[in-house]
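J.: Handing you a structure now.
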Amino acid sequence: MGNPLLLSFSLCFLVLFNVCLATDQNIQGYRSRRYGESQRYGEGQRRYRECRLDRLDALEPSNRIEAEGGVIEMWDPNHEEFQCAGVAFQRYLIDPKGLLLPQYTNAPRLMYVERGRGFKGVVLSGCPETYQESQQSAGEFRDRHQKIRRVRTGDLFAVPAGSAHWTYNDGNEKLIIVVLLDVSNHANQLDFHPRAFYLAGNPEEEFSERRSEWKQEQTRHSTRREGSSNKNNIFFAFDDRVLAEVLNINTEMARKLRGEDDFRRNIIKVEGQFEVIKPPRSRGGQRGDEQQWEEEQEEEQERAYERSRGRRSHRWADDNGLDETICSMRLKENIGDASRADIYTPEAGRLSTTNSHRFPILRWLKLSAERGVLYRNAMYVPHWNQNAHSVIFVTRGRARVQVVDDRGQTVFDGELQQRQLLVVPQNFALVKKASDEGFEWVSFKTNDNAMITPLAGRTSAMRAFPVQVIASAYRISNEEALRLKFNREETTLLPPRMSSSARRANPIEAM
């Protein structure tokens, strides 16, 4: 028989080893979840296959839902470009007095207001109802609800995964909003398919899971009768008596929540006056656009509140206290106003960007955005996105765009125009040149602090290389390397080439 002391020591060592291993695995798992890394098995290999793209396409909407109060356009989420980036895309066109029904999704949303104005409501679970009407009688209020936000052209709006939200158009023109859903975000514990869970109405399904279903959906939409339905709201399957008991209502009202006889679909028209609790409009504004002035005041107040809490507001994910974090965070940031441009060249255009440093909730969503305007024939210098995929949506005009992959092959060389979309994978180099009518776009990026590296200009990679490295790499003289390195003093946006009269005056430069 073996030595009992040795056997006991061996068993103790084995137990200690297993405990340490389990602890280390738990720590690693916690770190991965904390920093937003996915725990899905095999995702890395799957993404590698999906991002081996030999050709990129300018994508247009593949399906649309025509509702009573507007239209929803959808891009096929099964397309290789969306699968590579791990995102989905849609566009709302809400008529005046149109209400996008309350819903929530399995993925965070970053929304850009392309045109129009309206109200946006987001339900943040556990946060107080800070908007309430005056007391009508003892112990009774007519209404109270969480804060609602005004939105207007140029606003970027964040909606966390699983947060119910609605949108209303109180303007005189269509409210147009483009939406990116980050289905690969760590907050989505389901698959990579976007799912909308409606809380009201009898909506039509926005996304189908497989290509065959997507094509069937397009055919079905063209032949759909008014009385048919592809999808129900989440109250539909609950028992009427259970709903009546839980909500303390009668069964007749519980049946109305099911929306069986409601054929208005996803966006409805509000009858009569749309009444919600909101602060009164200022009467002392002297800035021309009272609506814009009010929104700027609101944003400044929100920023001041964040500054008053110091660094704590930027460490919301690590601090306790729900009311001191999510409930008080800004959900919108305007990137459309020319006065807020980060880069501006009078002859070329402007760029506005936002990230989690400027817009802290993006740290949670792991997303950022860029709004760009190129004037006639101006260029955005060749560059690559260091740490993010980029989803470019054209809001106006046209441009020639070239994209190059890691093998030095052109994967896109064509024109991008209004309502088209292009997914540019991480590290693929691209260049944009506006047409005679100019070019405007918004880019959604899959990193909350997305960075680019230009290939030309004062902040380019070329400018950072030593002259000898450039000369040796390209087999040119040191003098040629100096010219290559210092020829451009602009940073990101380049004005059009000089006029024909100037070229005649300087024939060497015109060659």
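Residues in the structure tokens are numbered from 1 in each chain, the chains being A, B, ... in the order shown, and ligands are numbered from 1 in the order shown.
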Extract, using only C-alpha atoms, all DNA, RNA and protein residues at most 7 Å from range 239-241 of chain A, discarding same-chain residues fewer than 3 positions from it, and format them as a PyMOL selection string.

T.: chain A and resi 244-245+251+254-255

J.: For Asp155 in chain A, which residue among A:Asn78, A:Asn106, A:Ser125, A:Ser352 is the nearest when counting only C-alpha atoms?

T.: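 Looking only at the distances to Asp155 in chain A, the closest residue turns out to be A:Ser352.
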
J.: Could you go through range 43-252 of chain A and tell me which residues DSSP, when run on the backbone, assigns to strand (DSSP E or B), listing them as an mmCIF file with N, CA and C atoms, in the first residue's frame?

T.:
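Printed below is out_9.cif as written:
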```cif
data_model
loop_
_atom_site.group_PDB
_atom_site.id
_atom_site.type_symbol
_atom_site.label_atom_id
_atom_site.label_comp_id
_atom_site.auth_asym_id
_atom_site.auth_seq_id
_atom_site.Cartn_x
_atom_site.Cartn_y
_atom_site.Cartn_z
ATOM 1 N N LEU A 59 -25.182 49.056 -51.393
ATOM 2 C CA LEU A 59 -26.431 48.375 -51.053
ATOM 3 C C LEU A 59 -27.592 49.354 -50.947
ATOM 4 N N ASN A 63 -36.223 45.605 -48.706
ATOM 5 C CA ASN A 63 -37.622 45.398 -48.365
ATOM 6 C C ASN A 63 -38.155 46.669 -47.731
ATOM 7 N N ARG A 64 -39.482 46.813 -47.719
ATOM 8 C CA ARG A 64 -40.105 47.969 -47.108
ATOM 9 C C ARG A 64 -41.468 47.594 -46.562
ATOM 10 N N ILE A 65 -41.837 48.278 -45.494
ATOM 11 C CA ILE A 65 -43.146 48.118 -44.884
ATOM 12 C C ILE A 65 -43.881 49.441 -45.018
ATOM 13 N N GLU A 66 -45.029 49.416 -45.663
ATOM 14 C CA GLU A 66 -45.843 50.613 -45.817
ATOM 15 C C GLU A 66 -46.941 50.580 -44.762
ATOM 16 N N ALA A 67 -46.830 51.428 -43.770
ATOM 17 C CA ALA A 67 -47.780 51.478 -42.665
ATOM 18 C C ALA A 67 -48.680 52.701 -42.798
ATOM 19 N N GLY A 70 -46.413 55.905 -42.101
ATOM 20 C CA GLY A 70 -45.070 56.047 -42.669
ATOM 21 C C GLY A 70 -44.560 54.761 -43.269
ATOM 22 N N VAL A 71 -43.269 54.743 -43.538
ATOM 23 C CA VAL A 71 -42.628 53.620 -44.233
ATOM 24 C C VAL A 71 -41.372 53.214 -43.472
ATOM 25 N N ILE A 72 -41.092 51.910 -43.446
ATOM 26 C CA ILE A 72 -39.830 51.403 -42.913
ATOM 27 C C ILE A 72 -39.092 50.707 -44.041
ATOM 28 N N GLU A 73 -37.861 51.121 -44.296
ATOM 29 C CA GLU A 73 -37.004 50.468 -45.291
ATOM 30 C C GLU A 73 -35.971 49.622 -44.570
ATOM 31 N N MET A 74 -35.756 48.404 -45.076
ATOM 32 C CA MET A 74 -34.801 47.487 -44.456
ATOM 33 C C MET A 74 -33.784 47.011 -45.478
ATOM 34 N N ALA A 88 -26.958 45.392 -38.530
ATOM 35 C CA ALA A 88 -28.118 45.448 -39.411
ATOM 36 C C ALA A 88 -28.479 46.910 -39.601
ATOM 37 N N PHE A 89 -29.324 47.203 -40.606
ATOM 38 C CA PHE A 89 -29.582 48.601 -40.952
ATOM 39 C C PHE A 89 -31.021 48.766 -41.411
ATOM 40 N N GLN A 90 -31.643 49.884 -41.017
ATOM 41 C CA GLN A 90 -32.986 50.215 -41.478
ATOM 42 C C GLN A 90 -33.177 51.721 -41.471
ATOM 43 N N ARG A 91 -34.305 52.150 -42.055
ATOM 44 C CA ARG A 91 -34.567 53.583 -42.209
ATOM 45 C C ARG A 91 -36.066 53.830 -42.009
ATOM 46 N N TYR A 92 -36.385 54.775 -41.122
ATOM 47 C CA TYR A 92 -37.774 55.139 -40.868
ATOM 48 C C TYR A 92 -38.110 56.431 -41.603
ATOM 49 N N LEU A 93 -39.277 56.454 -42.250
ATOM 50 C CA LEU A 93 -39.829 57.667 -42.846
ATOM 51 C C LEU A 93 -41.206 57.870 -42.221
ATOM 52 N N ILE A 94 -41.266 58.714 -41.181
ATOM 53 C CA ILE A 94 -42.470 58.885 -40.380
ATOM 54 C C ILE A 94 -43.193 60.145 -40.826
ATOM 55 N N GLY A 98 -47.259 60.988 -37.247
ATOM 56 C CA GLY A 98 -47.003 59.554 -37.235
ATOM 57 C C GLY A 98 -46.302 59.131 -35.950
ATOM 58 N N LEU A 99 -46.674 57.962 -35.431
ATOM 59 C CA LEU A 99 -46.099 57.423 -34.204
ATOM 60 C C LEU A 99 -45.531 56.033 -34.480
ATOM 61 N N LEU A 100 -44.221 55.876 -34.344
ATOM 62 C CA LEU A 100 -43.599 54.558 -34.406
ATOM 63 C C LEU A 100 -43.930 53.851 -33.104
ATOM 64 N N LEU A 101 -44.601 52.705 -33.196
ATOM 65 C CA LEU A 101 -45.124 52.035 -32.014
ATOM 66 C C LEU A 101 -44.008 51.623 -31.053
ATOM 67 N N PRO A 102 -44.309 51.588 -29.753
ATOM 68 C CA PRO A 102 -43.309 51.168 -28.764
ATOM 69 C C PRO A 102 -42.780 49.770 -29.059
ATOM 70 N N GLN A 103 -41.476 49.610 -28.919
ATOM 71 C CA GLN A 103 -40.812 48.343 -29.221
ATOM 72 C C GLN A 103 -39.474 48.310 -28.506
ATOM 73 N N TYR A 104 -38.854 47.141 -28.474
ATOM 74 C CA TYR A 104 -37.472 47.030 -28.028
ATOM 75 C C TYR A 104 -36.790 45.968 -28.887
ATOM 76 N N THR A 105 -35.468 46.000 -28.919
ATOM 77 C CA THR A 105 -34.712 45.079 -29.769
ATOM 78 C C THR A 105 -33.626 44.375 -28.964
ATOM 79 N N ARG A 109 -29.127 50.289 -30.518
ATOM 80 C CA ARG A 109 -29.371 51.058 -31.744
ATOM 81 C C ARG A 109 -28.659 52.401 -31.666
ATOM 82 N N LEU A 110 -28.075 52.800 -32.773
ATOM 83 C CA LEU A 110 -27.568 54.156 -32.917
ATOM 84 C C LEU A 110 -28.320 54.765 -34.090
ATOM 85 N N MET A 111 -29.061 55.841 -33.819
ATOM 86 C CA MET A 111 -29.989 56.421 -34.783
ATOM 87 C C MET A 111 -29.526 57.824 -35.174
ATOM 88 N N TYR A 112 -29.607 58.133 -36.465
ATOM 89 C CA TYR A 112 -29.241 59.455 -36.952
ATOM 90 C C TYR A 112 -30.458 60.084 -37.625
ATOM 91 N N VAL A 113 -30.802 61.301 -37.202
ATOM 92 C CA VAL A 113 -31.948 61.999 -37.781
ATOM 93 C C VAL A 113 -31.495 62.682 -39.071
ATOM 94 N N GLU A 114 -31.891 62.084 -40.175
ATOM 95 C CA GLU A 114 -31.507 62.609 -41.490
ATOM 96 C C GLU A 114 -32.258 63.891 -41.814
ATOM 97 N N ARG A 115 -33.536 63.947 -41.421
ATOM 98 C CA ARG A 115 -34.344 65.131 -41.706
ATOM 99 C C ARG A 115 -35.554 65.161 -40.781
ATOM 100 N N ARG A 117 -38.111 66.668 -37.456
ATOM 101 C CA ARG A 117 -38.039 66.858 -36.011
ATOM 102 C C ARG A 117 -39.142 66.023 -35.360
ATOM 103 N N GLY A 118 -39.023 65.820 -34.054
ATOM 104 C CA GLY A 118 -40.043 65.048 -33.359
ATOM 105 C C GLY A 118 -39.658 64.807 -31.916
ATOM 106 N N PHE A 119 -40.351 63.842 -31.299
ATOM 107 C CA PHE A 119 -40.082 63.434 -29.928
ATOM 108 C C PHE A 119 -39.607 61.990 -29.915
ATOM 109 N N LYS A 120 -38.688 61.707 -29.012
ATOM 110 C CA LYS A 120 -38.188 60.348 -28.832
ATOM 111 C C LYS A 120 -38.302 59.990 -27.364
ATOM 112 N N GLY A 121 -38.940 58.859 -27.097
ATOM 113 C CA GLY A 121 -39.048 58.379 -25.730
ATOM 114 C C GLY A 121 -38.331 57.055 -25.573
ATOM 115 N N VAL A 122 -37.551 56.921 -24.515
ATOM 116 C CA VAL A 122 -36.833 55.679 -24.218
ATOM 117 C C VAL A 122 -37.114 55.314 -22.768
ATOM 118 N N TYR A 131 -41.182 63.332 -15.337
ATOM 119 C CA TYR A 131 -42.124 64.259 -15.948
ATOM 120 C C TYR A 131 -43.521 63.926 -15.428
ATOM 121 N N GLN A 132 -44.154 64.876 -14.731
ATOM 122 C CA GLN A 132 -45.505 64.634 -14.224
ATOM 123 C C GLN A 132 -46.305 65.923 -14.232
ATOM 124 N N GLN A 135 -50.958 68.145 -9.787
ATOM 125 C CA GLN A 135 -51.925 67.322 -9.082
ATOM 126 C C GLN A 135 -53.341 67.850 -9.328
ATOM 127 N N GLN A 136 -54.230 66.943 -9.793
ATOM 128 C CA GLN A 136 -55.610 67.327 -10.097
ATOM 129 C C GLN A 136 -56.516 67.208 -8.880
ATOM 130 N N SER A 137 -56.300 66.174 -8.096
ATOM 131 C CA SER A 137 -57.064 65.990 -6.860
ATOM 132 C C SER A 137 -56.172 65.275 -5.868
ATOM 133 N N GLU A 140 -53.795 62.125 -6.685
ATOM 134 C CA GLU A 140 -54.021 61.659 -8.049
ATOM 135 C C GLU A 140 -53.332 62.564 -9.052
ATOM 136 N N PHE A 141 -52.677 61.955 -10.068
ATOM 137 C CA PHE A 141 -52.040 62.691 -11.145
ATOM 138 C C PHE A 141 -52.694 62.270 -12.462
ATOM 139 N N ARG A 144 -47.836 60.775 -15.630
ATOM 140 C CA ARG A 144 -46.422 60.970 -15.346
ATOM 141 C C ARG A 144 -45.655 59.907 -16.105
ATOM 142 N N HIS A 145 -44.471 60.278 -16.569
ATOM 143 C CA HIS A 145 -43.686 59.346 -17.378
ATOM 144 C C HIS A 145 -42.221 59.749 -17.330
ATOM 145 N N ILE A 148 -38.828 62.646 -21.996
ATOM 146 C CA ILE A 148 -38.798 62.489 -23.443
ATOM 147 C C ILE A 148 -37.878 63.565 -24.021
ATOM 148 N N ARG A 149 -37.293 63.274 -25.179
ATOM 149 C CA ARG A 149 -36.321 64.188 -25.783
ATOM 150 C C ARG A 149 -36.827 64.691 -27.128
ATOM 151 N N ARG A 150 -36.567 65.959 -27.402
ATOM 152 C CA ARG A 150 -36.786 66.482 -28.746
ATOM 153 C C ARG A 150 -35.631 66.029 -29.634
ATOM 154 N N VAL A 151 -35.943 65.659 -30.865
ATOM 155 C CA VAL A 151 -34.893 65.316 -31.821
ATOM 156 C C VAL A 151 -35.101 66.158 -33.075
ATOM 157 N N ARG A 152 -34.016 66.432 -33.757
ATOM 158 C CA ARG A 152 -34.066 67.238 -34.976
ATOM 159 C C ARG A 152 -32.962 66.796 -35.919
ATOM 160 N N ASP A 155 -29.246 65.035 -35.273
ATOM 161 C CA ASP A 155 -29.099 64.400 -33.964
ATOM 162 C C ASP A 155 -28.706 62.931 -34.104
ATOM 163 N N LEU A 156 -27.808 62.520 -33.240
ATOM 164 C CA LEU A 156 -27.458 61.114 -33.079
ATOM 165 C C LEU A 156 -28.115 60.666 -31.783
ATOM 166 N N PHE A 157 -28.842 59.554 -31.820
ATOM 167 C CA PHE A 157 -29.612 59.117 -30.656
ATOM 168 C C PHE A 157 -29.275 57.681 -30.339
ATOM 169 N N ALA A 158 -29.011 57.388 -29.054
ATOM 170 C CA ALA A 158 -28.611 56.052 -28.617
ATOM 171 C C ALA A 158 -29.754 55.380 -27.873
ATOM 172 N N VAL A 159 -30.000 54.119 -28.217
ATOM 173 C CA VAL A 159 -31.010 53.318 -27.526
ATOM 174 C C VAL A 159 -30.357 52.005 -27.096
ATOM 175 N N HIS A 165 -38.767 51.862 -26.706
ATOM 176 C CA HIS A 165 -38.685 53.233 -27.223
ATOM 177 C C HIS A 165 -39.797 53.485 -28.228
ATOM 178 N N TRP A 166 -40.107 54.757 -28.455
ATOM 179 C CA TRP A 166 -41.106 55.171 -29.437
ATOM 180 C C TRP A 166 -40.661 56.491 -30.042
ATOM 181 N N THR A 167 -41.246 56.851 -31.190
ATOM 182 C CA THR A 167 -40.894 58.085 -31.886
ATOM 183 C C THR A 167 -42.156 58.722 -32.442
ATOM 184 N N TYR A 168 -42.270 60.032 -32.290
ATOM 185 C CA TYR A 168 -43.433 60.762 -32.823
ATOM 186 C C TYR A 168 -42.958 61.963 -33.637
ATOM 187 N N LEU A 175 -40.285 62.848 -40.871
ATOM 188 C CA LEU A 175 -39.167 62.636 -39.950
ATOM 189 C C LEU A 175 -38.434 61.394 -40.442
ATOM 190 N N ILE A 176 -37.200 61.568 -40.923
ATOM 191 C CA ILE A 176 -36.442 60.468 -41.524
ATOM 192 C C ILE A 176 -35.268 60.127 -40.614
ATOM 193 N N ILE A 177 -35.205 58.874 -40.206
ATOM 194 C CA ILE A 177 -34.184 58.421 -39.266
ATOM 195 C C ILE A 177 -33.538 57.152 -39.812
ATOM 196 N N VAL A 178 -32.204 57.125 -39.866
ATOM 197 C CA VAL A 178 -31.489 55.902 -40.241
ATOM 198 C C VAL A 178 -30.962 55.253 -38.969
ATOM 199 N N VAL A 179 -30.990 53.921 -38.954
ATOM 200 C CA VAL A 179 -30.734 53.179 -37.722
ATOM 201 C C VAL A 179 -29.727 52.066 -37.970
ATOM 202 N N LEU A 180 -28.694 52.009 -37.147
ATOM 203 C CA LEU A 180 -27.770 50.881 -37.142
ATOM 204 C C LEU A 180 -28.024 50.051 -35.889
ATOM 205 N N LEU A 181 -28.198 48.740 -36.061
ATOM 206 C CA LEU A 181 -28.352 47.809 -34.945
ATOM 207 C C LEU A 181 -27.087 46.970 -34.852
ATOM 208 N N ALA A 196 -37.096 42.639 -33.373
ATOM 209 C CA ALA A 196 -37.876 43.731 -32.786
ATOM 210 C C ALA A 196 -39.073 43.141 -32.057
ATOM 211 N N PHE A 197 -39.222 43.499 -30.786
ATOM 212 C CA PHE A 197 -40.329 43.035 -29.953
ATOM 213 C C PHE A 197 -41.287 44.208 -29.764
ATOM 214 N N TYR A 198 -42.421 44.157 -30.440
ATOM 215 C CA TYR A 198 -43.383 45.264 -30.356
ATOM 216 C C TYR A 198 -44.274 45.100 -29.126
#
```

J.: One decimal, Å: what's the distance from CA of Leu482 in chain A over to CA of Ile452 in chain A, could you say?

T.: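 Distance between the two atoms: 23.5 Å.
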
J.: Counting only C-alpha atoms, give me one row per residue of range 345-462 of chain A with an atom at most 12 Å from an atom of range 331-341 of chain A, showing the shortest contact pair and its distance in Å to one decimal, sorted by chain then residue number, as CSV.

T.:
```
residue,atom,partner,partner_atom,distance
A:Thr345,CA,A:Ala341,CA,10.1
A:Pro346,CA,A:Ala338,CA,11.5
A:Gly349,CA,A:Ala341,CA,9.6
A:Arg350,CA,A:Ala341,CA,6.1
A:Leu351,CA,A:Ala341,CA,5.6
A:Ser352,CA,A:Ala341,CA,4.6
A:Thr353,CA,A:Ile335,CA,6.8
A:Thr354,CA,A:Ile335,CA,7.3
A:Asn355,CA,A:Glu333,CA,10.1
A:Ser356,CA,A:Glu333,CA,11.1
A:Arg358,CA,A:Glu333,CA,8.7
A:Phe359,CA,A:Glu333,CA,6.8
A:Pro360,CA,A:Leu331,CA,9.0
A:Ile361,CA,A:Leu331,CA,6.9
A:Leu362,CA,A:Leu331,CA,9.1
A:Arg363,CA,A:Leu331,CA,11.9
A:Trp364,CA,A:Leu331,CA,11.5
A:Leu365,CA,A:Leu331,CA,11.2
A:Ser368,CA,A:Glu333,CA,11.1
A:Ala369,CA,A:Ile335,CA,8.6
A:Glu370,CA,A:Ile335,CA,7.7
A:Arg371,CA,A:Ile335,CA,6.3
A:Gly372,CA,A:Gly336,CA,8.6
A:Val373,CA,A:Ala338,CA,9.3
A:Thr395,CA,A:Gly336,CA,11.4
A:Glu440,CA,A:Gly336,CA,10.5
A:Trp441,CA,A:Gly336,CA,10.3
A:Val442,CA,A:Gly336,CA,9.3
A:Ser443,CA,A:Ile335,CA,11.2
```

J.: Between A:Ala164, A:Asp143, A:Met329, A:Gly259, single out the one closest to Ile277 in chain A, counting only C-alpha atoms.

T.: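 When distances to Ile277 in chain A are compared using only C-alpha atoms, the smallest one comes from A:Asp143.
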
J.: Please compute the CA of Asn377 in chain A-CA of Thr459 in chain A distance, one decimal, in Å.

T.: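 Going from CA of Asn377 in chain A over to CA of Thr459 in chain A, I get 21.9 Å.
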
J.: So, with only C-alpha atoms as the atoms that count, which of A:His389, A:Arg265, A:Lys147, A:Arg142 lies closest to Asn447 in chain A?

T.: A:His389

J.: Which residue, A:Asp448, A:Glu173, A:Glu81, A:Glu437, has the smallest gap to Leu367 in chain A when you use only C-alpha atoms?

T.: A:Asp448

J.: In Å to one decimal, how far is CA of Glu205 in chain A from CA of Arg258 in chain A?

T.: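 Between these atoms lies a distance of 15.8 Å.
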
J.: Show me, as a list in words, the residues that have an atom within 12 Å of Trp384 in chain A when counting only C-alpha atoms, minus same-chain residues fewer than 5 positions from it.

T.: His389, Ser390, Gln402, Val403, Val404, Asp405, Asp406, Val424, Pro425, Gln426, Asn427, Phe428, Ala429, Leu430, Val431, Lys432, Ala450, Met451, Ile452, Thr453, Pro454, Leu455, Ala456, Ser460, Ala461 and Thr492 of chain A

J.: Given only C-alpha atoms as the basis, pick out the residue of A:Asn169, A:Asn232, A:Gln83, A:Asn385 nearest to Lys269 in chain A.

T.: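 Closest candidate: A:Asn169.
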